[in-house]
>>> print(open('run24.cif').read())   # mmCIF, C-alpha atoms
data_structure
#
loop_
_atom_site.label_atom_id
_atom_site.label_comp_id
_atom_site.auth_asym_id
_atom_site.auth_seq_id
_atom_site.Cartn_x
_atom_site.Cartn_y
_atom_site.Cartn_z
CA MET D 1 0.00 0.00 0.00
CA LYS D 2 1.41 3.36 -1.01
CA ARG D 3 1.62 5.99 1.69
CA LYS D 4 -1.11 8.60 1.35
CA SER D 5 -0.72 12.27 2.21
CA LEU D 6 -2.35 15.63 2.28
CA LEU D 7 -0.58 18.36 0.31
CA ILE D 8 -1.41 21.79 1.68
CA SER D 9 -0.70 24.91 -0.40
CA PRO D 10 -1.28 28.13 1.56
CA GLU D 11 -0.92 30.20 -1.63
CA LEU D 12 -4.08 28.56 -3.00
CA CYS D 13 -6.11 28.85 0.20
CA ILE D 14 -8.75 31.58 0.26
CA GLY D 15 -9.55 31.17 3.95
CA CYS D 16 -13.15 30.07 3.40
CA ARG D 17 -12.86 27.38 6.11
CA ALA D 18 -15.18 25.02 4.28
CA CYS D 19 -12.66 22.33 5.34
CA GLN D 20 -13.31 23.13 9.01
CA VAL D 21 -17.05 22.76 8.48
CA ALA D 22 -16.75 19.61 6.36
CA CYS D 23 -14.47 18.01 8.95
CA LYS D 24 -17.00 18.62 11.68
CA SER D 25 -19.74 17.24 9.48
CA TRP D 26 -17.99 13.97 8.63
CA ASN D 27 -16.57 13.38 12.08
CA GLN D 28 -19.81 14.43 13.80
CA LEU D 29 -18.07 17.03 15.95
CA GLU D 30 -20.07 19.59 17.87
CA GLY D 31 -19.74 23.30 17.27
CA THR D 32 -17.48 25.36 19.48
CA LYS D 33 -18.05 28.90 20.58
CA THR D 34 -16.05 31.47 18.63
CA ASN D 35 -14.96 34.84 19.90
CA ASN D 36 -13.85 38.10 18.41
CA ARG D 37 -10.13 38.58 18.91
CA GLY D 38 -9.70 41.02 16.05
CA THR D 39 -9.12 38.27 13.50
CA PHE D 40 -11.26 36.04 11.33
CA GLU D 41 -9.29 33.08 12.63
CA ASN D 42 -11.78 31.12 14.68
CA PRO D 43 -12.05 29.17 16.93
CA PRO D 44 -8.77 30.43 18.42
CA ASP D 45 -7.14 27.02 18.74
CA LEU D 46 -7.57 23.34 17.94
CA ASN D 47 -9.94 21.70 20.40
CA PRO D 48 -11.44 18.22 20.91
CA ALA D 49 -14.17 19.07 18.39
CA LEU D 50 -11.90 20.90 15.94
CA TYR D 51 -9.50 18.59 14.10
CA ASN D 52 -8.54 21.06 11.40
CA LYS D 53 -8.17 24.80 11.71
CA ILE D 54 -7.12 27.46 9.24
CA ARG D 55 -4.45 29.63 10.82
CA PHE D 56 -4.61 33.24 9.60
CA VAL D 57 -1.08 34.64 9.43
CA GLU D 58 -0.57 38.32 8.70
CA VAL D 59 2.75 39.11 7.00
CA PRO D 60 4.14 42.38 5.59
CA SER D 61 3.43 43.10 1.94
CA ASP D 62 4.93 45.54 -0.60
CA LYS D 63 1.64 46.28 -2.34
CA ASN D 64 -0.80 46.38 0.56
CA ASP D 65 -0.81 47.08 4.26
CA MET D 66 -0.37 43.39 4.91
CA ARG D 67 -0.78 40.00 3.33
CA TRP D 68 -2.71 37.01 4.62
CA LEU D 69 -1.39 33.48 4.67
CA PHE D 70 -3.83 30.68 5.40
CA VAL D 71 -2.36 27.51 6.84
CA SER D 72 -4.29 24.37 7.63
CA GLN D 73 -3.22 23.30 11.12
CA ARG D 74 -3.93 19.67 12.08
CA CYS D 75 -2.32 16.33 12.92
CA MET D 76 0.70 15.92 10.63
CA HIS D 77 0.57 12.11 10.65
CA CYS D 78 4.33 11.80 11.27
CA ASP D 79 6.02 8.60 10.18
CA ASP D 80 8.10 8.74 13.37
CA ALA D 81 5.31 10.00 15.62
CA GLY D 82 6.16 11.31 19.10
CA CYS D 83 2.64 10.56 20.36
CA MET D 84 2.90 6.90 19.36
CA LYS D 85 6.40 6.62 20.81
CA ILE D 86 5.42 7.84 24.27
CA CYS D 87 1.92 6.31 24.49
CA PRO D 88 1.86 3.71 27.32
CA SER D 89 -1.35 2.01 26.19
CA PRO D 90 -1.05 -0.54 23.38
CA GLY D 91 -3.42 0.13 20.50
CA ALA D 92 -4.56 3.56 21.71
CA LEU D 93 -2.60 5.18 18.88
CA TYR D 94 -1.74 3.28 15.74
CA LYS D 95 -0.94 3.77 12.10
CA THR D 96 -3.13 2.65 9.23
CA LYS D 97 -1.55 0.98 6.24
CA GLU D 98 -1.93 4.26 4.35
CA GLY D 99 0.16 6.05 6.98
CA ALA D 100 -2.53 7.91 8.95
CA VAL D 101 -1.94 8.13 12.72
CA VAL D 102 -5.29 7.27 14.29
CA PHE D 103 -6.62 6.62 17.78
CA ASP D 104 -8.88 4.15 19.56
CA LYS D 105 -10.71 6.00 22.34
CA ASP D 106 -11.57 2.71 24.06
CA LYS D 107 -7.88 2.03 24.59
CA CYS D 108 -6.83 5.59 25.47
CA ILE D 109 -6.09 5.77 29.21
CA GLY D 110 -6.15 9.57 29.42
CA CYS D 111 -2.56 10.08 30.58
CA LYS D 112 -1.98 12.98 28.14
CA LEU D 113 1.68 12.10 27.57
CA CYS D 114 1.03 12.35 23.80
CA VAL D 115 0.22 16.04 24.26
CA ALA D 116 3.68 16.64 25.71
CA ALA D 117 5.47 14.52 23.09
CA CYS D 118 3.79 15.95 19.98
CA PRO D 119 6.12 18.35 18.12
CA PHE D 120 3.11 20.16 16.62
CA ASP D 121 0.88 20.66 19.67
CA VAL D 122 -1.95 18.67 18.11
CA PRO D 123 -3.60 16.13 20.46
CA ARG D 124 -6.52 17.40 22.50
CA TYR D 125 -8.60 15.64 25.16
CA ASP D 126 -12.37 15.43 25.11
CA ARG D 127 -14.59 15.69 28.16
CA ASN D 128 -14.21 11.96 28.80
CA ASP D 129 -10.44 12.43 28.98
CA LYS D 130 -9.84 10.64 25.67
CA ILE D 131 -7.56 11.74 22.86
CA SER D 132 -9.16 13.62 19.99
CA LYS D 133 -7.44 14.73 16.76
CA CYS D 134 -7.44 14.55 12.97
CA THR D 135 -7.48 10.98 11.65
CA MET D 136 -6.92 11.95 8.00
CA CYS D 137 -10.45 10.53 7.66
CA ALA D 138 -8.94 7.05 7.83
CA ASP D 139 -12.45 5.60 7.64
CA ARG D 140 -12.99 7.34 4.29
CA ILE D 141 -9.54 6.41 2.99
CA ALA D 142 -10.31 2.77 3.78
CA GLU D 143 -13.27 3.10 1.36
CA ASN D 144 -11.16 4.76 -1.32
CA LEU D 145 -12.60 8.19 -0.58
CA ALA D 146 -10.57 11.36 -0.06
CA PRO D 147 -10.57 12.99 3.40
CA LEU D 148 -13.49 15.38 3.50
CA CYS D 149 -11.35 18.51 3.98
CA ALA D 150 -9.56 17.75 0.70
CA LYS D 151 -12.78 16.83 -1.10
CA THR D 152 -14.48 20.03 0.06
CA CYS D 153 -11.63 22.45 -0.67
CA PRO D 154 -12.79 24.59 -3.62
CA THR D 155 -9.31 25.73 -4.69
CA GLY D 156 -7.14 22.66 -4.31
CA ALA D 157 -5.29 24.13 -1.34
CA ILE D 158 -5.73 20.75 0.37
CA LYS D 159 -5.00 17.85 -1.97
CA PHE D 160 -5.06 14.17 -1.12
CA GLY D 161 -3.23 11.37 -2.89
CA ASP D 162 -0.16 9.14 -3.04
CA ARG D 163 2.57 10.86 -1.10
CA ASP D 164 5.26 10.45 -3.77
CA GLU D 165 2.98 11.84 -6.46
CA LEU D 166 2.02 14.85 -4.38
CA ILE D 167 5.67 15.66 -3.69
CA ALA D 168 6.47 15.34 -7.41
CA GLN D 169 3.51 17.61 -8.23
CA ALA D 170 4.66 20.27 -5.76
CA GLN D 171 8.21 20.14 -7.06
CA LYS D 172 6.93 20.46 -10.62
CA ALA D 173 4.95 23.51 -9.54
CA GLY D 174 8.19 25.12 -8.41
CA TYR D 175 8.37 24.26 -4.70
CA GLN D 176 11.92 23.00 -4.33
CA LYS D 177 11.56 22.01 -0.72
CA VAL D 178 8.30 20.57 0.46
CA TYR D 179 7.80 21.09 4.18
CA GLY D 180 7.64 17.76 5.95
CA GLN D 181 9.19 15.76 3.12
CA ASN D 182 11.86 14.30 5.41
CA ASP D 183 11.09 15.62 8.88
CA LEU D 184 10.16 13.01 11.49
CA GLY D 185 10.54 10.24 8.96
CA GLY D 186 8.35 12.22 6.56
CA LEU D 187 5.08 13.87 7.47
CA GLY D 188 1.70 12.72 6.25
CA ALA D 189 0.62 16.34 5.90
CA ILE D 190 3.12 18.10 3.65
CA TYR D 191 3.17 21.79 2.82
CA ALA D 192 4.07 23.74 -0.31
CA PHE D 193 5.59 26.81 1.34
CA LYS D 194 6.94 29.75 -0.66
CA GLU D 195 8.43 31.45 2.37
CA PRO D 196 10.48 29.98 5.23
CA PRO D 197 8.31 27.77 7.53
CA LYS D 198 8.54 30.34 10.37
CA PHE D 199 6.40 32.68 8.23
CA TYR D 200 3.55 30.22 8.46
CA GLY D 201 3.95 29.64 12.17
CA MET D 202 5.78 26.33 11.71
CA GLU D 203 9.04 25.09 13.23
CA ASP D 204 12.00 25.00 10.83
CA LYS D 205 13.00 21.55 11.98
CA PRO D 206 10.21 19.88 13.95
CA GLN D 207 11.54 17.24 16.34
CA ILE D 208 10.31 14.87 19.00
CA PRO D 209 11.43 16.36 22.38
CA GLU D 210 14.98 15.23 23.17
CA SER D 211 14.00 13.83 26.56
CA VAL D 212 11.49 11.51 24.86
CA VAL D 213 14.12 10.29 22.38
CA PHE D 214 16.60 9.74 25.25
CA TRP D 215 13.94 7.85 27.20
CA HIS D 216 13.11 5.68 24.22
CA LYS D 217 16.68 4.93 23.15
CA VAL D 218 18.48 4.76 26.51
CA LEU D 219 16.21 4.51 29.57
CA LYS D 220 13.83 1.87 28.22
CA PRO D 221 16.58 -0.62 27.33
CA LEU D 222 18.43 0.30 30.53
CA ALA D 223 15.42 -0.69 32.66
CA VAL D 224 15.51 -4.20 31.19
CA ILE D 225 19.30 -4.51 31.21
CA GLY D 226 19.41 -3.13 34.77
CA LEU D 227 16.84 -5.59 36.04
CA GLY D 228 18.38 -8.54 34.20
CA GLY D 229 21.89 -7.51 35.22
CA ALA D 230 20.96 -7.19 38.91
CA VAL D 231 19.30 -10.62 38.92
CA ALA D 232 22.22 -12.18 37.03
CA ALA D 233 24.82 -10.55 39.31
CA SER D 234 22.95 -11.82 42.40
CA LEU D 235 22.76 -15.37 41.10
CA LEU D 236 26.39 -15.26 39.99
CA HIS D 237 27.43 -14.06 43.45
CA TYR D 238 25.47 -16.87 45.05
CA ALA D 239 27.16 -19.43 42.80
CA VAL D 240 30.71 -18.05 43.03
CA VAL D 241 31.01 -16.53 46.51
CA GLY D 242 28.01 -18.03 48.22
CA PRO D 243 25.96 -16.89 51.20
CA LYS D 244 27.31 -15.47 54.44
CA LYS D 245 27.30 -18.09 57.16
CA ASP D 246 28.15 -17.81 60.80
CA LYS D 247 30.49 -20.80 60.75
CA GLU D 248 32.79 -19.21 58.24
CA GLU D 249 32.86 -15.99 60.17
CA LYS D 250 33.99 -17.82 63.27
CA LYS D 251 37.20 -18.95 61.57
CA ASP D 252 38.22 -15.34 61.38
CA GLU D 253 37.56 -14.59 65.00
CA MET K 1 18.27 -21.93 71.77
CA SER K 2 19.96 -18.62 72.32
CA LYS K 3 18.23 -15.49 73.52
CA MET K 4 16.02 -13.76 70.93
CA ILE K 5 15.89 -10.00 70.65
CA THR K 6 13.50 -7.75 68.72
CA LYS K 7 15.04 -6.27 65.59
CA ALA K 8 11.91 -4.93 63.91
CA THR K 9 8.57 -3.82 65.34
CA LYS K 10 5.23 -5.09 64.03
CA PHE K 11 4.52 -1.70 62.47
CA GLU K 12 7.88 -1.75 60.73
CA ILE K 13 7.22 -5.23 59.35
CA ILE K 14 3.70 -4.52 58.13
CA ASN K 15 4.80 -1.24 56.60
CA HIS K 16 7.72 -2.97 54.89
CA TRP K 17 5.38 -5.40 53.15
CA ILE K 18 2.95 -2.66 52.14
CA LEU K 19 5.90 -0.81 50.63
CA ALA K 20 7.28 -3.96 49.00
CA LEU K 21 3.99 -5.11 47.46
CA SER K 22 3.02 -1.65 46.22
CA CYS K 23 6.52 -1.23 44.79
CA LEU K 24 6.35 -4.58 42.98
CA PHE K 25 2.93 -3.76 41.52
CA LEU K 26 4.10 -0.32 40.41
CA ALA K 27 7.22 -1.81 38.81
CA LEU K 28 5.23 -4.50 37.04
CA SER K 29 2.67 -2.04 35.70
CA GLY K 30 5.53 0.32 34.87
CA PHE K 31 7.12 -2.36 32.70
CA ALA K 32 3.70 -2.96 31.13
CA PHE K 33 3.43 0.73 30.18
CA LEU K 34 6.99 0.79 28.84
CA PHE K 35 6.76 -2.36 26.75
CA HIS K 36 3.02 -2.72 26.14
CA LEU K 37 2.71 -6.00 28.02
CA GLU K 38 -0.85 -6.80 26.96
CA GLN K 39 -0.62 -10.14 28.74
CA LEU K 40 -1.45 -8.25 31.95
CA ASN K 41 -4.92 -7.60 30.56
CA ALA K 42 -5.70 -11.19 31.51
CA VAL K 43 -5.39 -10.07 35.14
CA PHE K 44 -6.37 -6.40 35.20
CA GLY K 45 -8.77 -6.24 32.28
CA SER K 46 -7.49 -3.15 30.54
CA PHE K 47 -4.71 -0.62 30.53
CA ALA K 48 -7.19 2.00 31.72
CA THR K 49 -7.71 -0.03 34.92
CA LEU K 50 -3.96 -0.57 35.17
CA LYS K 51 -3.39 3.18 35.00
CA VAL K 52 -5.94 3.93 37.74
CA LEU K 53 -4.36 1.26 39.95
CA HIS K 54 -0.86 2.53 39.13
CA ASN K 55 -1.83 6.05 40.23
CA TRP K 56 -3.58 5.12 43.46
CA ILE K 57 -1.14 2.42 44.52
CA GLY K 58 1.44 5.14 43.96
CA VAL K 59 -0.28 7.03 46.77
CA VAL K 60 -0.04 3.93 49.01
CA PHE K 61 3.63 3.64 48.06
CA VAL K 62 4.56 7.19 48.97
CA VAL K 63 2.68 7.12 52.29
CA SER K 64 4.39 3.86 53.16
CA LEU K 65 7.75 5.26 52.06
CA LEU K 66 7.36 8.31 54.28
CA ALA K 67 6.43 6.03 57.19
CA THR K 68 9.87 4.39 56.93
CA VAL K 69 11.70 7.66 57.53
CA SER K 70 11.56 7.47 61.32
CA HIS K 71 12.74 3.84 61.26
CA TYR K 72 15.79 4.16 59.07
CA LEU K 73 16.70 7.73 58.11
CA PRO K 74 18.47 8.84 61.34
CA VAL K 75 20.63 5.69 61.30
CA ALA K 76 21.23 5.90 57.56
CA LEU K 77 22.42 9.49 57.84
CA ASN K 78 24.76 8.65 60.72
CA LEU K 79 27.71 7.98 58.43
CA SER K 80 31.32 7.76 59.58
CA GLY K 81 34.74 6.47 58.57
CA ASP K 82 33.59 2.98 59.59
CA ASP K 83 31.09 3.04 56.75
CA ILE K 84 33.81 3.84 54.21
CA THR K 85 35.92 0.97 55.59
CA TRP K 86 32.93 -1.39 55.44
CA LEU K 87 32.10 -0.40 51.88
CA ALA K 88 35.76 -0.54 50.80
CA LYS K 89 35.86 -4.13 52.01
CA GLY K 90 32.69 -4.86 50.09
CA GLY K 91 30.88 -5.66 53.32
CA GLY K 92 32.49 -9.07 53.33
CA TYR K 93 30.50 -10.08 50.30
CA ILE K 94 33.45 -10.27 47.93
CA ILE K 95 36.22 -11.71 50.08
CA LYS K 96 34.78 -13.73 52.91
CA ASN K 97 35.99 -13.56 56.50
CA VAL K 98 37.50 -10.07 56.27
CA SER K 99 37.22 -8.23 59.55
CA LEU K 100 34.64 -5.44 59.34
CA PRO K 101 33.91 -2.45 61.53
CA GLU K 102 31.01 -2.95 63.93
CA GLN K 103 27.68 -2.00 62.45
CA ASP K 104 24.62 -0.14 63.68
CA SER K 105 21.08 -1.50 63.40
CA ILE K 106 21.55 -1.39 59.65
CA ASN K 107 24.93 -1.86 58.01
CA SER K 108 26.69 0.58 55.67
CA GLY K 109 25.35 -1.12 52.56
CA GLN K 110 21.82 -1.02 53.94
CA LYS K 111 22.31 2.68 54.75
CA LEU K 112 23.23 3.41 51.16
CA TYR K 113 20.40 1.23 49.89
CA TYR K 114 17.91 3.07 52.09
CA LEU K 115 19.16 6.50 51.00
CA ALA K 116 18.95 5.43 47.34
CA ILE K 117 15.42 4.05 47.75
CA LEU K 118 14.26 7.10 49.70
CA GLY K 119 15.77 9.49 47.13
CA ALA K 120 14.60 7.58 44.07
CA GLY K 121 11.26 6.89 45.77
CA LEU K 122 10.56 10.56 46.44
CA LEU K 123 11.69 11.45 42.91
CA ILE K 124 9.50 8.81 41.29
CA SER K 125 6.53 9.82 43.47
CA VAL K 126 6.74 13.56 42.89
CA SER K 127 7.31 13.15 39.15
CA GLY K 128 4.44 10.67 39.00
CA PHE K 129 2.08 13.09 40.70
CA VAL K 130 3.07 15.85 38.27
CA ILE K 131 2.24 13.62 35.28
CA TRP K 132 -1.02 12.56 36.91
CA LEU K 133 -2.24 15.90 38.26
CA PHE K 134 -0.65 18.60 36.10
CA PRO K 135 -0.79 17.33 32.50
CA ALA K 136 -1.34 20.85 31.14
CA SER K 137 2.25 21.93 31.68
CA LYS K 138 4.16 20.29 28.83
CA SER K 139 7.67 21.13 29.99
CA MET K 140 6.88 19.90 33.51
CA VAL K 141 5.38 16.69 32.14
CA LEU K 142 8.39 16.01 29.91
CA LEU K 143 10.84 16.64 32.77
CA SER K 144 8.76 14.48 35.12
CA HIS K 145 8.47 11.72 32.53
CA LEU K 146 12.27 11.70 32.26
CA LEU K 147 12.86 11.72 36.04
CA HIS K 148 10.13 9.10 36.57
CA ASN K 149 12.00 6.77 34.23
CA VAL K 150 15.48 7.56 35.58
CA SER K 151 14.32 6.64 39.08
CA PHE K 152 12.54 3.60 37.64
CA VAL K 153 15.90 2.32 36.36
CA ILE K 154 17.36 2.77 39.86
CA PHE K 155 14.51 0.70 41.30
CA ALA K 156 14.82 -1.97 38.60
CA MET K 157 18.49 -2.44 39.58
CA ALA K 158 18.19 -2.04 43.36
CA ILE K 159 15.19 -4.24 44.13
CA PRO K 160 16.59 -7.60 42.92
CA VAL K 161 19.82 -6.98 44.86
CA HIS K 162 17.84 -6.13 47.99
CA ILE K 163 15.74 -9.27 47.66
CA TYR K 164 18.85 -11.40 47.13
CA LEU K 165 20.82 -9.94 50.06
CA ALA K 166 17.84 -10.15 52.41
CA THR K 167 17.06 -13.79 51.63
CA ILE K 168 19.40 -16.49 50.34
CA ALA K 169 22.59 -14.43 50.59
CA ASN K 170 22.19 -13.97 54.35
CA PRO K 171 20.57 -16.96 56.02
CA GLY K 172 18.71 -15.82 59.13
CA THR K 173 17.99 -12.34 57.86
CA PHE K 174 14.58 -12.86 56.30
CA ARG K 175 12.96 -13.65 59.65
CA ILE K 176 13.48 -10.00 60.68
CA MET K 177 10.72 -9.05 58.26
CA VAL K 178 8.52 -11.97 59.39
CA GLN K 179 8.90 -12.56 63.13
CA GLY K 180 10.91 -9.42 63.78
CA THR K 181 13.25 -11.22 66.16
CA VAL K 182 16.82 -12.50 65.79
CA PRO K 183 19.15 -14.49 68.06
CA LEU K 184 21.29 -12.20 70.21
CA GLU K 185 24.52 -13.84 69.07
CA TRP K 186 23.55 -13.50 65.41
CA ALA K 187 22.86 -9.80 65.91
CA ARG K 188 26.07 -9.24 67.89
CA LYS K 189 28.14 -10.36 64.90
CA ARG K 190 26.28 -8.22 62.39
CA HIS K 191 25.12 -5.21 64.36
CA GLY K 192 27.65 -4.89 67.18
CA LYS K 193 27.32 -1.13 67.51
CA TRP K 194 23.55 -1.41 67.80
CA ILE K 195 23.74 -4.25 70.34
CA LYS K 196 26.06 -2.16 72.53
CA ARG K 197 23.81 0.86 72.20
CA MET K 198 20.82 -1.21 73.20
CA GLY K 199 22.77 -2.45 76.24
CA TYR K 200 22.59 -6.21 75.65
#
>>> encode(input="run24.cif", output="structure tokens")
Amino acid sequence: MKRKSLLISPELCIGCRACQVACKSWNQLEGTKTNNRGTFENPPDLNPALYNKIRFVEVPSDKNDMRWLFVSQRCMHCDDAGCMKICPSPGALYKTKEGAVVFDKDKCIGCKLCVAACPFDVPRYDRNDKISKCTMCADRIAENLAPLCAKTCPTGAIKFGDRDELIAQAQKAGYQKVYGQNDLGGLGAIYAFKEPPKFYGMEDKPQIPESVVFWHKVLKPLAVIGLGGAVAASLLHYAVVGPKKDKEEKKDE
Amino acid sequence: MSKMITKATKFEIINHWILALSCLFLALSGFAFLFHLEQLNAVFGSFATLKVLHNWIGVVFVVSLLATVSHYLPVALNLSGDDITWLAKGGGYIIKNVSLPEQDSINSGQKLYYLAILGAGLLISVSGFVIWLFPASKSMVLLSHLLHNVSFVIFAMAIPVHIYLATIANPGTFRIMVQGTVPLEWARKRHGKWIKRMGY
């Protein structure tokens, strides 16, 4: 199965947020209260009922007072996903064969470690203390349908397809470096950025927190080696030196 | 039969086993979280249950740990040159029949073990409570997750050694945590300083 991806092109986005509405519709997510913060960007942040949000970025412009960049913010479906790495509950987070990182609320134990380990600040918790985030519409993909955000997008700012093909398309369209092409083993949501990633409110080099990598690579094996080593050393001592007995001590006295 | 003296009180013994059993459960569930040991579902049903038990037995663990302070901390902190000598000679565990400085109610190795368990135990408890109760602070959760696992490694290495030294490596020791009494002569050899202090 070829890895599927979403290709997001902020230059094509008109900020209509039909994707936000469509996402709620397909995933049966309730509405959330918006508020006026002096921007059309609403709701202000991802929440348990908002898997996909258009970030409105205002940047300087030569021609006008300012220019708007619209960036779809959502789960990036990392190949090397920090949330999956740190999750203590088997099966709560898993990857579909198309490469989407999805969750099973029944197996989520509500520890929220995934929130701390995500390089993109994506996972949210619903009122039952279960993880909630974009699934790339894995249920639709399984039926050969495009995720609803991509299907709804009127301008092609969100495209869905085979990851390799999408990257080739973006490169053909003049985007030398596709954001997320190689980061974290390759993201499942890749971006055709004209400007440096910082412009769009993205990290230059997104990474799993170092402490999580250290834990995974060093502390986890060390716990097993430490336990095994301590048991082995004890048994070896018993076999080679043997227990302390009063009789032997008396010889010395 | 020689004269028996009390080495551990009933409270000390019961508390020790509460601490030991909670610690073993926490370590087992900890390994399950680290390595996704789904086999434990046969016993506990689900990882959600395991997490609730892990959290609340953690409370039992820390209360029990704090209850040990009055038993062992003053002695454990009473370190002197004798302790260095004892440790340098490996406590008689490496070369047998070396002469060792007289020991208090717990020997130099036990002092270090207690200080390590108390330190790592407080660290693992505090970091655990942060993960449990303050998940909103990402940097605190990441730091706590790291410290929780560092102290877990200390426990994984220390516990088997403790079990070994307190059972088959030292015949006659295990009864301290069952009956609480030991023969006077046995104690005189191992805890001379304590025996003198107690006036036997």
>>> closest_atom_pairs(input="run24.cif", of="chain D", to="chain K", cutoff="9 Å", atoms="all atoms listed in the file", output="JSON lines")
{"residue": "D:Ile86", "atom": "CA", "partner": "K:Leu34", "partner_atom": "CA", "distance": 8.5}
{"residue": "D:Cys87", "atom": "CA", "partner": "K:Phe33", "partner_atom": "CA", "distance": 8.1}
{"residue": "D:Pro88", "atom": "CA", "partner": "K:Phe33", "partner_atom": "CA", "distance": 4.4}
{"residue": "D:Ser89", "atom": "CA", "partner": "K:Phe47", "partner_atom": "CA", "distance": 6.1}
{"residue": "D:Pro90", "atom": "CA", "partner": "K:His36", "partner_atom": "CA", "distance": 5.4}
{"residue": "D:Asp106", "atom": "CA", "partner": "K:Ala48", "partner_atom": "CA", "distance": 8.9}
{"residue": "D:Lys107", "atom": "CA", "partner": "K:Ala48", "partner_atom": "CA", "distance": 7.2}
{"residue": "D:Cys108", "atom": "CA", "partner": "K:Ala48", "partner_atom": "CA", "distance": 7.2}
{"residue": "D:Ile109", "atom": "CA", "partner": "K:Ala48", "partner_atom": "CA", "distance": 4.7}
{"residue": "D:Gly110", "atom": "CA", "partner": "K:Ala48", "partner_atom": "CA", "distance": 8.0}
{"residue": "D:Cys111", "atom": "CA", "partner": "K:Trp132", "partner_atom": "CA", "distance": 7.0}
{"residue": "D:Lys112", "atom": "CA", "partner": "K:Pro135", "partner_atom": "CA", "distance": 6.3}
{"residue": "D:Leu113", "atom": "CA", "partner": "K:Val141", "partner_atom": "CA", "distance": 7.5}
{"residue": "D:Val115", "atom": "CA", "partner": "K:Lys138", "partner_atom": "CA", "distance": 7.4}
{"residue": "D:Ala116", "atom": "CA", "partner": "K:Lys138", "partner_atom": "CA", "distance": 4.8}
{"residue": "D:Ala117", "atom": "CA", "partner": "K:Leu142", "partner_atom": "CA", "distance": 7.6}
{"residue": "D:Pro209", "atom": "CA", "partner": "K:Leu142", "partner_atom": "CA", "distance": 8.1}
{"residue": "D:Ser211", "atom": "CA", "partner": "K:Leu146", "partner_atom": "CA", "distance": 6.3}
{"residue": "D:Val212", "atom": "CA", "partner": "K:Leu142", "partner_atom": "CA", "distance": 7.4}
{"residue": "D:Phe214", "atom": "CA", "partner": "K:Leu146", "partner_atom": "CA", "distance": 8.5}
{"residue": "D:Trp215", "atom": "CA", "partner": "K:Leu146", "partner_atom": "CA", "distance": 6.6}
{"residue": "D:Leu219", "atom": "CA", "partner": "K:Asn149", "partner_atom": "CA", "distance": 6.7}
{"residue": "D:Lys220", "atom": "CA", "partner": "K:Leu34", "partner_atom": "CA", "distance": 7.0}
{"residue": "D:Leu222", "atom": "CA", "partner": "K:Val153", "partner_atom": "CA", "distance": 6.7}
{"residue": "D:Ala223", "atom": "CA", "partner": "K:Val153", "partner_atom": "CA", "distance": 4.8}
{"residue": "D:Val224", "atom": "CA", "partner": "K:Ala156", "partner_atom": "CA", "distance": 7.8}
{"residue": "D:Ile225", "atom": "CA", "partner": "K:Met157", "partner_atom": "CA", "distance": 8.7}
{"residue": "D:Gly226", "atom": "CA", "partner": "K:Met157", "partner_atom": "CA", "distance": 4.9}
{"residue": "D:Leu227", "atom": "CA", "partner": "K:Ala156", "partner_atom": "CA", "distance": 4.9}
{"residue": "D:Gly228", "atom": "CA", "partner": "K:Met157", "partner_atom": "CA", "distance": 8.1}
{"residue": "D:Gly229", "atom": "CA", "partner": "K:Met157", "partner_atom": "CA", "distance": 7.5}
{"residue": "D:Ala230", "atom": "CA", "partner": "K:Met157", "partner_atom": "CA", "distance": 5.4}
{"residue": "D:Val231", "atom": "CA", "partner": "K:Pro160", "partner_atom": "CA", "distance": 5.7}
{"residue": "D:Ala233", "atom": "CA", "partner": "K:Val161", "partner_atom": "CA", "distance": 8.3}
{"residue": "D:Ser234", "atom": "CA", "partner": "K:Val161", "partner_atom": "CA", "distance": 6.3}
{"residue": "D:Leu235", "atom": "CA", "partner": "K:Tyr164", "partner_atom": "CA", "distance": 8.2}
{"residue": "D:His237", "atom": "CA", "partner": "K:Ile94", "partner_atom": "CA", "distance": 8.4}
{"residue": "D:Tyr238", "atom": "CA", "partner": "K:Ala169", "partner_atom": "CA", "distance": 6.7}
{"residue": "D:Val241", "atom": "CA", "partner": "K:Ile94", "partner_atom": "CA", "distance": 6.9}
{"residue": "D:Gly242", "atom": "CA", "partner": "K:Ala169", "partner_atom": "CA", "distance": 6.9}
{"residue": "D:Pro243", "atom": "CA", "partner": "K:Ala169", "partner_atom": "CA", "distance": 4.2}
{"residue": "D:Lys244", "atom": "CA", "partner": "K:Asn170", "partner_atom": "CA", "distance": 5.3}
{"residue": "D:Lys245", "atom": "CA", "partner": "K:Pro171", "partner_atom": "CA", "distance": 6.9}
{"residue": "D:Asp246", "atom": "CA", "partner": "K:Trp186", "partner_atom": "CA", "distance": 7.8}
{"residue": "D:Glu248", "atom": "CA", "partner": "K:Asn97", "partner_atom": "CA", "distance": 6.7}
{"residue": "D:Glu249", "atom": "CA", "partner": "K:Asn97", "partner_atom": "CA", "distance": 5.4}
{"residue": "D:Lys250", "atom": "CA", "partner": "K:Asn97", "partner_atom": "CA", "distance": 8.2}
{"residue": "D:Lys251", "atom": "CA", "partner": "K:Asn97", "partner_atom": "CA", "distance": 7.5}
{"residue": "D:Asp252", "atom": "CA", "partner": "K:Asn97", "partner_atom": "CA", "distance": 5.7}
{"residue": "D:Glu253", "atom": "CA", "partner": "K:Ser99", "partner_atom": "CA", "distance": 8.4}
>>> atom_distance(input="run24.cif", atom1="atom CA of Leu7 of chain D", atom2="atom CA of Ile131 of chain D")
24.5 Å
>>> resolve_selection(input="run24.cif", expression="the PyMOL selection byres ((chain D and resi 187) around 10)", output="list in words")
Ser5, Leu6, Cys75, Met76, His77, Cys78, Asp79, Asp80, Ala81, Gly99, Ala100, Arg163, Tyr179, Gly180, Gln181, Asn182, Asp183, Leu184, Gly185, Gly186, Gly188, Ala189, Ile190 and Tyr191 of chain D
